[in-house]
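Heads up, target33.pdb below (PDB, C-alpha atoms):
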ATOM      1  CA  MET A  74     -29.291  34.760  47.035
ATOM      2  CA  SER A  75     -30.379  38.248  47.964
ATOM      3  CA  VAL A  76     -28.385  41.372  48.710
ATOM      4  CA  ASN A  77     -29.321  43.609  51.629
ATOM      5  CA  ILE A  78     -28.389  47.222  51.006
ATOM      6  CA  MET A  79     -28.532  50.344  53.137
ATOM      7  CA  ILE A  80     -28.847  53.828  51.631
ATOM      8  CA  VAL A  81     -27.588  56.599  53.913
ATOM      9  CA  ASP A  82     -28.567  60.050  52.636
ATOM     10  CA  ASP A  83     -30.443  62.936  54.243
ATOM     11  CA  SER A  84     -32.399  63.569  51.046
ATOM     12  CA  VAL A  85     -35.521  61.463  50.566
ATOM     13  CA  THR A  86     -35.305  62.362  46.867
ATOM     14  CA  ILE A  87     -31.888  60.776  46.480
ATOM     15  CA  ARG A  88     -32.880  57.733  48.559
ATOM     16  CA  MET A  89     -35.840  57.148  46.253
ATOM     17  CA  MET A  90     -33.699  57.613  43.130
ATOM     18  CA  ILE A  91     -31.093  55.141  44.372
ATOM     19  CA  LYS A  92     -33.754  52.653  45.461
ATOM     20  CA  LYS A  93     -35.304  52.774  42.007
ATOM     21  CA  ALA A  94     -31.900  52.196  40.395
ATOM     22  CA  LEU A  95     -31.262  49.262  42.742
ATOM     23  CA  TYR A  96     -34.552  47.576  41.817
ATOM     24  CA  ILE A  97     -33.744  47.992  38.124
ATOM     25  CA  SER A  98     -30.156  46.789  38.559
ATOM     26  CA  LEU A  99     -30.618  43.818  40.865
ATOM     27  CA  GLY A 100     -34.197  42.703  40.292
ATOM     28  CA  ASP A 101     -34.925  39.538  42.304
ATOM     29  CA  GLU A 102     -31.427  39.573  43.771
ATOM     30  CA  LEU A 103     -32.276  42.687  45.764
ATOM     31  CA  GLY A 104     -33.113  41.753  49.345
ATOM     32  CA  GLN A 105     -34.014  44.269  52.005
ATOM     33  CA  VAL A 106     -33.340  47.959  51.355
ATOM     34  CA  TYR A 107     -32.713  49.903  54.541
ATOM     35  CA  GLU A 108     -32.721  53.694  54.700
ATOM     36  CA  ALA A 109     -31.088  56.147  57.089
ATOM     37  CA  ASN A 110     -30.894  59.927  56.934
ATOM     38  CA  ASP A 111     -27.641  60.326  58.874
ATOM     39  CA  GLY A 112     -24.711  58.366  60.248
ATOM     40  CA  ILE A 113     -26.146  57.860  63.714
ATOM     41  CA  SER A 114     -29.360  56.340  62.415
ATOM     42  CA  ALA A 115     -27.299  54.189  60.024
ATOM     43  CA  LEU A 116     -25.083  52.805  62.804
ATOM     44  CA  ALA A 117     -28.137  51.797  64.825
ATOM     45  CA  GLN A 118     -29.632  49.899  61.892
ATOM     46  CA  ILE A 119     -26.327  48.293  60.893
ATOM     47  CA  ALA A 120     -25.989  46.919  64.418
ATOM     48  CA  ASP A 121     -29.436  45.300  64.210
ATOM     49  CA  ASN A 122     -29.398  43.960  60.639
ATOM     50  CA  ASN A 123     -27.165  42.104  58.198
ATOM     51  CA  MET A 124     -25.958  44.515  55.514
ATOM     52  CA  ASP A 125     -24.166  43.368  52.371
ATOM     53  CA  LEU A 126     -23.497  46.815  50.937
ATOM     54  CA  LEU A 127     -23.707  50.412  52.135
ATOM     55  CA  MET A 128     -24.341  53.409  49.867
ATOM     56  CA  ILE A 129     -23.361  56.547  51.775
ATOM     57  CA  ASP A 130     -23.656  60.271  51.115
ATOM     58  CA  LEU A 131     -21.005  62.572  52.623
ATOM     59  CA  ASN A 132     -22.886  65.742  53.448
ATOM     60  CA  MET A 133     -25.350  64.866  56.238
ATOM     61  CA  PRO A 134     -26.361  66.353  59.600
ATOM     62  CA  ARG A 135     -25.402  64.915  63.027
ATOM     63  CA  MET A 136     -22.848  62.387  61.732
ATOM     64  CA  ASN A 137     -21.567  62.927  58.196
ATOM     65  CA  GLY A 138     -20.436  60.294  55.719
ATOM     66  CA  VAL A 139     -16.712  60.512  56.450
ATOM     67  CA  GLN A 140     -17.329  60.107  60.186
ATOM     68  CA  LEU A 141     -19.613  57.140  59.531
ATOM     69  CA  ILE A 142     -17.126  55.436  57.191
ATOM     70  CA  SER A 143     -14.346  55.976  59.724
ATOM     71  CA  ARG A 144     -16.449  54.349  62.477
ATOM     72  CA  LEU A 145     -17.283  51.377  60.271
ATOM     73  CA  LYS A 146     -13.790  50.786  58.931
ATOM     74  CA  THR A 147     -12.241  50.811  62.403
ATOM     75  CA  ASN A 148     -14.747  48.288  63.756
ATOM     76  CA  PRO A 149     -13.727  44.701  62.834
ATOM     77  CA  LYS A 150     -17.386  43.671  62.914
ATOM     78  CA  TYR A 151     -18.283  46.000  60.040
ATOM     79  CA  SER A 152     -14.984  46.788  58.335
ATOM     80  CA  GLU A 153     -15.499  44.237  55.528
ATOM     81  CA  ILE A 154     -18.886  45.574  54.407
ATOM     82  CA  PRO A 155     -18.376  47.155  50.949
ATOM     83  CA  ILE A 156     -19.089  50.895  50.891
ATOM     84  CA  VAL A 157     -20.039  52.977  47.864
ATOM     85  CA  VAL A 158     -19.969  56.745  48.349
ATOM     86  CA  ILE A 159     -22.529  58.770  46.393
ATOM     87  CA  SER A 160     -21.835  62.468  46.720
ATOM     88  CA  THR A 161     -21.692  65.857  45.058
ATOM     89  CA  GLU A 162     -18.119  66.270  46.311
ATOM     90  CA  GLY A 163     -15.906  65.274  43.436
ATOM     91  CA  SER A 164     -12.477  66.712  44.219
ATOM     92  CA  GLU A 165      -9.402  64.559  43.683
ATOM     93  CA  GLN A 166      -8.343  65.156  47.297
ATOM     94  CA  ARG A 167     -11.664  63.904  48.670
ATOM     95  CA  ILE A 168     -11.755  60.801  46.467
ATOM     96  CA  LYS A 169      -8.166  59.950  47.448
ATOM     97  CA  GLU A 170      -9.012  60.310  51.148
ATOM     98  CA  LEU A 171     -12.011  58.030  50.745
ATOM     99  CA  GLU A 172     -10.036  55.422  48.825
ATOM    100  CA  GLU A 173      -7.438  55.417  51.580
ATOM    101  CA  MET A 174     -10.233  54.813  54.070
ATOM    102  CA  GLY A 175     -11.139  51.669  52.144
ATOM    103  CA  ILE A 176     -14.273  52.461  50.160
ATOM    104  CA  SER A 177     -15.155  50.122  47.300
ATOM    105  CA  GLY A 178     -16.567  52.698  44.903
ATOM    106  CA  TYR A 179     -17.443  56.338  44.333
ATOM    107  CA  ILE A 180     -20.295  57.801  42.316
ATOM    108  CA  ARG A 181     -20.637  61.523  41.814
ATOM    109  CA  LYS A 182     -24.072  63.140  41.782
ATOM    110  CA  PRO A 183     -25.823  63.555  39.446
ATOM    111  CA  PHE A 184     -25.637  59.856  38.673
ATOM    112  CA  ARG A 185     -27.245  57.698  36.014
ATOM    113  CA  PRO A 186     -28.861  54.374  36.978
ATOM    114  CA  GLU A 187     -26.336  52.618  34.709
ATOM    115  CA  GLN A 188     -23.486  53.884  36.909
ATOM    116  CA  ILE A 189     -25.068  52.237  39.934
ATOM    117  CA  ARG A 190     -25.626  49.024  37.988
ATOM    118  CA  GLU A 191     -22.002  48.992  36.803
ATOM    119  CA  ILE A 192     -20.448  49.621  40.212
ATOM    120  CA  LEU A 193     -22.741  47.087  41.909
ATOM    121  CA  SER A 194     -21.857  44.491  39.348
ATOM    122  CA  ASN A 195     -18.117  45.067  39.929
ATOM    123  CA  ILE A 196     -18.417  44.871  43.706
ATOM    124  CA  LEU A 197     -20.679  41.838  43.709
ATOM    125  CA  GLU A 198     -18.421  40.018  41.249
ATOM    126  CA  VAL A 199     -15.466  40.489  43.632
ATOM    127  CA  CYS A 200     -17.630  39.226  46.477
ATOM    128  CA  TYR A 201     -18.693  36.124  44.534
ATOM    129  CA  GLU A 202     -15.074  35.354  43.629
ATOM    130  CA  SER A 203     -13.797  35.718  47.182
ATOM    131  CA  GLN A 204     -16.760  33.691  48.465
ATOM    132  CA  SER A 205     -16.042  30.782  46.164
ATOM    133  CA  ALA A 206     -12.280  31.004  46.889
ATOM    134  CA  ASP A 207     -12.313  30.821  50.669
ATOM    135  CA  ASP A 208     -15.906  31.332  51.752
ATOM    136  CA  ASP A 209     -14.763  34.420  53.598
ATOM    137  CA  GLY A 210     -16.152  37.047  51.255
ATOM    138  CA  CYS A 211     -19.416  38.955  51.388
ATOM    139  CA  ASP A 212     -22.032  37.396  53.582
ATOM    140  CA  PHE A 213     -24.870  36.596  51.196
TER     141      PHE A 213
ATOM    142  CA  MET B  51     -21.010  86.719  29.686
ATOM    143  CA  SER B  52     -18.030  85.996  31.980
ATOM    144  CA  LEU B  53     -16.058  82.742  31.980
ATOM    145  CA  ASN B  54     -17.655  81.794  35.302
ATOM    146  CA  GLN B  55     -21.116  82.412  33.859
ATOM    147  CA  LEU B  56     -20.302  80.260  30.833
ATOM    148  CA  THR B  57     -19.121  77.446  33.088
ATOM    149  CA  MET B  58     -22.222  77.796  35.272
ATOM    150  CA  THR B  59     -24.414  77.695  32.174
ATOM    151  CA  ASP B  60     -22.789  74.489  30.931
ATOM    152  CA  VAL B  61     -22.856  72.716  34.305
ATOM    153  CA  ILE B  62     -26.422  73.720  35.174
ATOM    154  CA  SER B  63     -27.805  72.979  31.704
ATOM    155  CA  ASP B  64     -26.279  69.522  31.768
ATOM    156  CA  ILE B  65     -27.686  68.724  35.212
ATOM    157  CA  ILE B  66     -31.158  70.016  34.360
ATOM    158  CA  GLU B  67     -31.242  67.909  31.215
ATOM    159  CA  THR B  68     -29.765  64.690  32.604
ATOM    160  CA  LEU B  69     -30.967  64.680  36.204
ATOM    161  CA  ALA B  70     -34.222  66.588  36.019
ATOM    162  CA  MET B  71     -35.012  65.429  32.461
ATOM    163  CA  MET B  72     -36.239  68.888  31.471
ATOM    164  CA  THR B  73     -35.533  70.903  28.352
ATOM    165  CA  VAL B  74     -33.428  73.933  29.147
ATOM    166  CA  GLU B  75     -32.499  77.165  27.451
ATOM    167  CA  PRO B  76     -30.611  80.150  28.845
ATOM    168  CA  ALA B  77     -32.842  83.225  29.206
ATOM    169  CA  GLU B  78     -31.275  86.663  29.346
ATOM    170  CA  LYS B  79     -34.189  88.336  31.105
ATOM    171  CA  PHE B  80     -37.003  86.960  33.226
ATOM    172  CA  GLY B  81     -39.425  89.806  32.697
ATOM    173  CA  GLU B  82     -42.044  89.788  35.450
ATOM    174  CA  PHE B  83     -40.797  86.730  37.259
ATOM    175  CA  THR B  84     -41.668  86.309  40.911
ATOM    176  CA  PRO B  85     -40.437  83.020  42.390
ATOM    177  CA  ASP B  86     -42.398  80.894  44.826
ATOM    178  CA  PHE B  87     -39.301  79.296  46.354
ATOM    179  CA  ILE B  88     -35.823  80.533  47.119
ATOM    180  CA  GLY B  89     -33.090  78.188  48.228
ATOM    181  CA  HIS B  90     -29.468  78.625  49.133
ATOM    182  CA  ILE B  91     -26.417  76.559  49.997
ATOM    183  CA  ASP B  92     -23.043  77.697  51.366
ATOM    184  CA  PHE B  93     -19.692  76.384  50.200
ATOM    185  CA  ASP B  94     -16.357  76.524  51.980
ATOM    186  CA  GLY B  95     -13.018  75.540  50.482
ATOM    187  CA  SER B  96     -10.336  77.434  48.595
ATOM    188  CA  VAL B  97     -13.051  80.110  48.306
ATOM    189  CA  THR B  98     -16.254  80.587  50.305
ATOM    190  CA  GLY B  99     -19.638  81.799  49.197
ATOM    191  CA  ARG B 100     -23.287  81.005  48.636
ATOM    192  CA  LEU B 101     -25.361  79.779  45.699
ATOM    193  CA  PHE B 102     -29.016  80.855  45.459
ATOM    194  CA  LEU B 103     -31.796  79.266  43.418
ATOM    195  CA  GLU B 104     -35.112  80.984  42.708
ATOM    196  CA  CYS B 105     -37.916  79.016  41.079
ATOM    197  CA  THR B 106     -41.652  78.739  40.665
ATOM    198  CA  ASP B 107     -43.994  76.187  42.194
ATOM    199  CA  GLU B 108     -44.567  74.713  38.703
ATOM    200  CA  PHE B 109     -40.846  74.101  38.226
ATOM    201  CA  ALA B 110     -40.575  72.570  41.714
ATOM    202  CA  SER B 111     -43.468  70.196  40.973
ATOM    203  CA  ILE B 112     -41.994  68.978  37.684
ATOM    204  CA  LEU B 113     -38.548  68.652  39.254
ATOM    205  CA  ALA B 114     -39.899  66.532  42.113
ATOM    206  CA  GLU B 115     -42.028  64.407  39.771
ATOM    207  CA  ASN B 116     -39.059  63.708  37.501
ATOM    208  CA  LEU B 117     -36.547  63.061  40.260
ATOM    209  CA  LEU B 118     -38.839  60.850  42.292
ATOM    210  CA  GLY B 119     -40.638  59.205  39.397
ATOM    211  CA  ILE B 120     -44.037  59.726  40.965
ATOM    212  CA  ASP B 121     -47.215  61.176  39.524
ATOM    213  CA  ILE B 122     -48.329  64.657  40.512
ATOM    214  CA  ASP B 123     -51.280  63.122  42.404
ATOM    215  CA  GLY B 124     -48.842  61.403  44.749
ATOM    216  CA  LEU B 125     -46.690  64.468  45.163
ATOM    217  CA  GLU B 126     -46.504  66.008  48.625
ATOM    218  CA  GLU B 127     -45.278  69.503  49.462
ATOM    219  CA  ALA B 128     -42.259  68.017  51.286
ATOM    220  CA  HIS B 129     -41.191  66.265  48.082
ATOM    221  CA  LYS B 130     -40.852  69.629  46.325
ATOM    222  CA  TRP B 131     -38.790  71.149  49.126
ATOM    223  CA  ASP B 132     -36.485  68.161  49.287
ATOM    224  CA  ALA B 133     -36.118  68.021  45.503
ATOM    225  CA  ILE B 134     -35.149  71.722  45.316
ATOM    226  CA  GLY B 135     -32.634  71.275  48.138
ATOM    227  CA  GLU B 136     -30.990  68.242  46.570
ATOM    228  CA  PHE B 137     -30.995  69.850  43.129
ATOM    229  CA  LEU B 138     -29.207  72.869  44.611
ATOM    230  CA  ASN B 139     -26.749  70.628  46.462
ATOM    231  CA  ILE B 140     -25.808  68.744  43.296
ATOM    232  CA  ILE B 141     -25.473  71.891  41.214
ATOM    233  CA  CYS B 142     -23.354  73.667  43.843
ATOM    234  CA  GLY B 143     -21.025  70.683  44.277
ATOM    235  CA  ASN B 144     -20.423  70.534  40.551
ATOM    236  CA  ILE B 145     -20.074  74.299  40.041
ATOM    237  CA  VAL B 146     -17.499  74.898  42.768
ATOM    238  CA  THR B 147     -15.226  72.106  41.571
ATOM    239  CA  GLU B 148     -15.559  73.207  37.927
ATOM    240  CA  ILE B 149     -15.030  76.918  38.572
ATOM    241  CA  PHE B 150     -12.747  77.145  41.580
ATOM    242  CA  ASP B 151     -10.850  73.975  42.418
ATOM    243  CA  ASN B 152     -10.985  70.460  41.106
ATOM    244  CA  GLU B 153      -8.219  69.184  43.373
ATOM    245  CA  LYS B 154      -9.075  70.308  46.895
ATOM    246  CA  SER B 155     -12.365  69.482  48.549
ATOM    247  CA  PHE B 156     -15.191  71.857  49.410
ATOM    248  CA  THR B 157     -17.558  71.556  52.347
ATOM    249  CA  LEU B 158     -21.187  72.262  51.513
ATOM    250  CA  SER B 159     -23.811  73.283  54.069
ATOM    251  CA  SER B 160     -27.237  71.698  54.193
ATOM    252  CA  PRO B 161     -29.411  73.432  51.578
ATOM    253  CA  GLN B 162     -32.078  75.784  52.937
ATOM    254  CA  VAL B 163     -35.352  76.245  51.035
ATOM    255  CA  ASN B 164     -37.985  78.869  51.870
ATOM    256  CA  PHE B 165     -41.234  80.213  50.490
ATOM    257  CA  VAL B 166     -40.897  83.659  48.983
ATOM    258  CA  GLU B 167     -42.759  86.473  50.680
ATOM    259  CA  LYS B 168     -44.162  88.267  47.633
ATOM    260  CA  GLU B 169     -44.162  91.738  49.163
ATOM    261  CA  THR B 170     -40.584  91.461  50.417
ATOM    262  CA  TRP B 171     -39.534  90.080  47.061
ATOM    263  CA  GLN B 172     -41.142  92.928  45.147
ATOM    264  CA  ALA B 173     -39.446  95.458  47.406
ATOM    265  CA  ASN B 174     -35.983  93.906  47.016
ATOM    266  CA  LYS B 175     -36.051  92.475  43.515
ATOM    267  CA  ASP B 176     -33.947  95.251  42.035
ATOM    268  CA  SER B 177     -31.322  95.167  44.775
ATOM    269  CA  ASN B 178     -27.722  95.437  43.694
ATOM    270  CA  THR B 179     -26.184  92.215  42.400
ATOM    271  CA  ASP B 180     -22.766  93.692  41.551
ATOM    272  CA  GLY B 181     -19.981  91.159  41.891
ATOM    273  CA  GLN B 182     -22.380  88.239  41.730
ATOM    274  CA  GLU B 183     -22.772  85.808  38.875
ATOM    275  CA  VAL B 184     -26.410  85.680  37.803
ATOM    276  CA  ILE B 185     -27.689  83.079  35.362
ATOM    277  CA  THR B 186     -31.262  82.633  34.221
ATOM    278  CA  PHE B 187     -32.843  79.701  32.431
ATOM    279  CA  LEU B 188     -36.137  78.475  31.141
ATOM    280  CA  ALA B 189     -36.591  74.831  32.140
ATOM    281  CA  ASP B 190     -39.576  73.191  30.442
ATOM    282  CA  GLY B 191     -40.658  76.804  29.864
ATOM    283  CA  PHE B 192     -40.531  77.774  33.555
ATOM    284  CA  PRO B 193     -38.059  80.428  34.718
ATOM    285  CA  ILE B 194     -35.326  79.647  37.238
ATOM    286  CA  ARG B 195     -32.497  81.872  38.361
ATOM    287  CA  PHE B 196     -29.143  81.076  39.972
ATOM    288  CA  VAL B 197     -27.049  83.660  41.820
ATOM    289  CA  LEU B 198     -23.474  82.811  42.797
ATOM    290  CA  LYS B 199     -22.036  85.030  45.516
ATOM    291  CA  VAL B 200     -18.353  84.660  46.371
ATOM    292  CA  ASN B 201     -17.009  86.149  49.606
ATOM    293  CA  ASN B 202     -13.930  88.358  49.356
TER     294      ASN B 202
END

Show me the file's structure as C-alpha cells.
Amino acid sequence: MSVNIMIVDDSVTIRMMIKKALYISLGDELGQVYEANDGISALAQIADNNMDLLMIDLNMPRMNGVQLISRLKTNPKYSEIPIVVISTEGSEQRIKELEEMGISGYIRKPFRPEQIREILSNILEVCYESQSADDDGCDF
Amino acid sequence: MSLNQLTMTDVISDIIETLAMMTVEPAEKFGEFTPDFIGHIDFDGSVTGRLFLECTDEFASILAENLLGIDIDGLEEAHKWDAIGEFLNIICGNIVTEIFDNEKSFTLSSPQVNFVEKETWQANKDSNTDGQEVITFLADGFPIRFVLKVNN
C-alpha cells in the first residue's frame, strides 16, 4: 500500500518542510508526492493523477485554497479525497467555514512534524476502517 | 513596552525558536544595524495594516538552512527570499489573531521581499515611527527588526 499526496502551497520552503515531515511520518507507505504552487496548477495535476490526500494552504495567488477546496468538494469525482488545510489563518470563523466545507483536518503554521504525523494517522485510520467495511473508502 | 509589543515579543520569540530553531533574545537597540533584506505583508480584517521585517543576509541564510534542512552549500538565493517571505507570513498570521481578533478571519497579502538599497536606508533610517510597534531581536546573534503599522 502506498499513499499519494499532493502539497499545494506557493512557498517552496513550506512544501519542502511538509515533504520532509511526510517522509518521516509515512516511510515506505508514502507513494508519490505531487506539488503545486496554486489552485489552478493543483486542479490540473489532480485531474491527471490519483491522489489519496491533499494538503492545501489558503493564501495563494491565482486560485486560493478556499476556492480550490470549493471546486473539489462540489465535484463528485474529487469530493471524497481527504483534505488537510495547513495555514497561518487560525481564526475560529475560518476554521468553522472550512469544517463546513468538509475538510478532514486543519494544521496551523508554524507546525511540528508530529502534528502532521498525528493528523495523517487519524485520517488514514478512518480510511482503512471504511475500506474494510464496504470497500468504498480511500482509494489506496 | 506596550501590551501589543509584549504580545509580539512572545509570538515572534516562540516562532523563531520552534520553527527557525534559533536562539532568540529581545534587543532594545540595534546600534549600527543595516539590513540586507526588507520584507512586508499586508493584513486585512477587523483592522488593516502592514508588518515589516528587516534582517541581514546571515540571518536569512540560517533561516533558510533551518527551515529547508539543507546545507549552506546547497542553498540558493531564491531559498532565502522564500524563507523570509514564509517566515513573515507565519508571524503575521499569528500576530494579528493574537493581538486583534481571534474569532474573525484576516486576509493576508503575498509577502514581498526586497534587497535594501544601503544609501536609501541610511537616509531614511531615522524616519518617524510614531504610532508603530517596533520590536527588535537577536536571533542566533543576528539582529532582526519587526515593525507593525496599523491603519487608522

For this session: Find the residues in chain B near chain A: any atom within 8 Å counts, using all atoms listed in the file. Write them as a list in words.
Result: Ile65, Thr68, Leu69, Ala114, Leu117, Leu118, His129, Asp132, Ala133, Glu136, Asn139, Ile140, Gly143, Asn144, Thr147, Asp151, Asn152, Glu153, Lys154, Ser155, Phe156, Thr157, Leu158, Ser159 and Ser160 of chain B

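Across the model, the gap from atom CA of A:Met174 to atom CA of A:Ser143 is 7.1 Å.
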
For this session: For B:Pro193, please output as a PyMOL selection string all residues within 12 Å (counting all atoms listed in the file; exclusion window: fewer than 2 positions along the same chain).
Result: chain B and resi 73-87+103-110+185-191+195-196

How big is the axis-aligned box around all listed atoms of stretch 166-185 of chain A once 3 Å goes on each side, and where's its centre, in Å to one decimal, as AutoDock Vina command-line options?
--center_x -17.3 --center_y 57.6 --center_z 45.0 --size_x 25.8 --size_y 21.0 --size_z 24.1

Kindly provide, as a tab-separated table (two decimals) with C-alpha atoms, in the frame of the given file, the polymer residues lying within 12 Å of (-18.6, 48.7, 63.3), counting only C-alpha atoms and using the coordinates exactly as they appear in the file.
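Saved as part.tsv:
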chain	number	residue	atom	x	y	z
A	112	GLY	CA	-24.71	58.37	60.25
A	113	ILE	CA	-26.15	57.86	63.71
A	115	ALA	CA	-27.30	54.19	60.02
A	116	LEU	CA	-25.08	52.80	62.80
A	117	ALA	CA	-28.14	51.80	64.82
A	118	GLN	CA	-29.63	49.90	61.89
A	119	ILE	CA	-26.33	48.29	60.89
A	120	ALA	CA	-25.99	46.92	64.42
A	121	ASP	CA	-29.44	45.30	64.21
A	123	ASN	CA	-27.16	42.10	58.20
A	124	MET	CA	-25.96	44.52	55.51
A	140	GLN	CA	-17.33	60.11	60.19
A	141	LEU	CA	-19.61	57.14	59.53
A	142	ILE	CA	-17.13	55.44	57.19
A	143	SER	CA	-14.35	55.98	59.72
A	144	ARG	CA	-16.45	54.35	62.48
A	145	LEU	CA	-17.28	51.38	60.27
A	146	LYS	CA	-13.79	50.79	58.93
A	147	THR	CA	-12.24	50.81	62.40
A	148	ASN	CA	-14.75	48.29	63.76
A	149	PRO	CA	-13.73	44.70	62.83
A	150	LYS	CA	-17.39	43.67	62.91
A	151	TYR	CA	-18.28	46.00	60.04
A	152	SER	CA	-14.98	46.79	58.34
A	153	GLU	CA	-15.50	44.24	55.53
A	154	ILE	CA	-18.89	45.57	54.41

For this session: Mind checking which residues fall within 8 Å of A:Met128, counting all atoms listed in the file, ignoring those fewer than 4 positions away in the same chain, and posting them as a PyMOL selection string?
Result: chain A and resi 78-81+156-159

Please save C-alpha atoms of the selected residues as a compact mmCIF listing (two decimals), in the frame of the given file.
# COMPACT_ATOMS: atom_id res chain seq x y z
CA ILE A 78 -28.39 47.22 51.01
CA MET A 79 -28.53 50.34 53.14
CA ILE A 80 -28.85 53.83 51.63
CA VAL A 81 -27.59 56.60 53.91
CA ILE A 156 -19.09 50.90 50.89
CA VAL A 157 -20.04 52.98 47.86
CA VAL A 158 -19.97 56.74 48.35
CA ILE A 159 -22.53 58.77 46.39

For this session: Convert the output of the PyMOL selection byres ((chain B and resi 52) around 12) on the shown file into explicit residues, formatted as a PyMOL selection string.
Result: chain B and resi 51+53-59+149+181-185

Problem set entry | Residue neighbourhood A:Glu102, 9 Å, only C-alpha atoms, exclusion window fewer than 6 positions, as a PyMOL selection string | chain A and resi 74-76+96
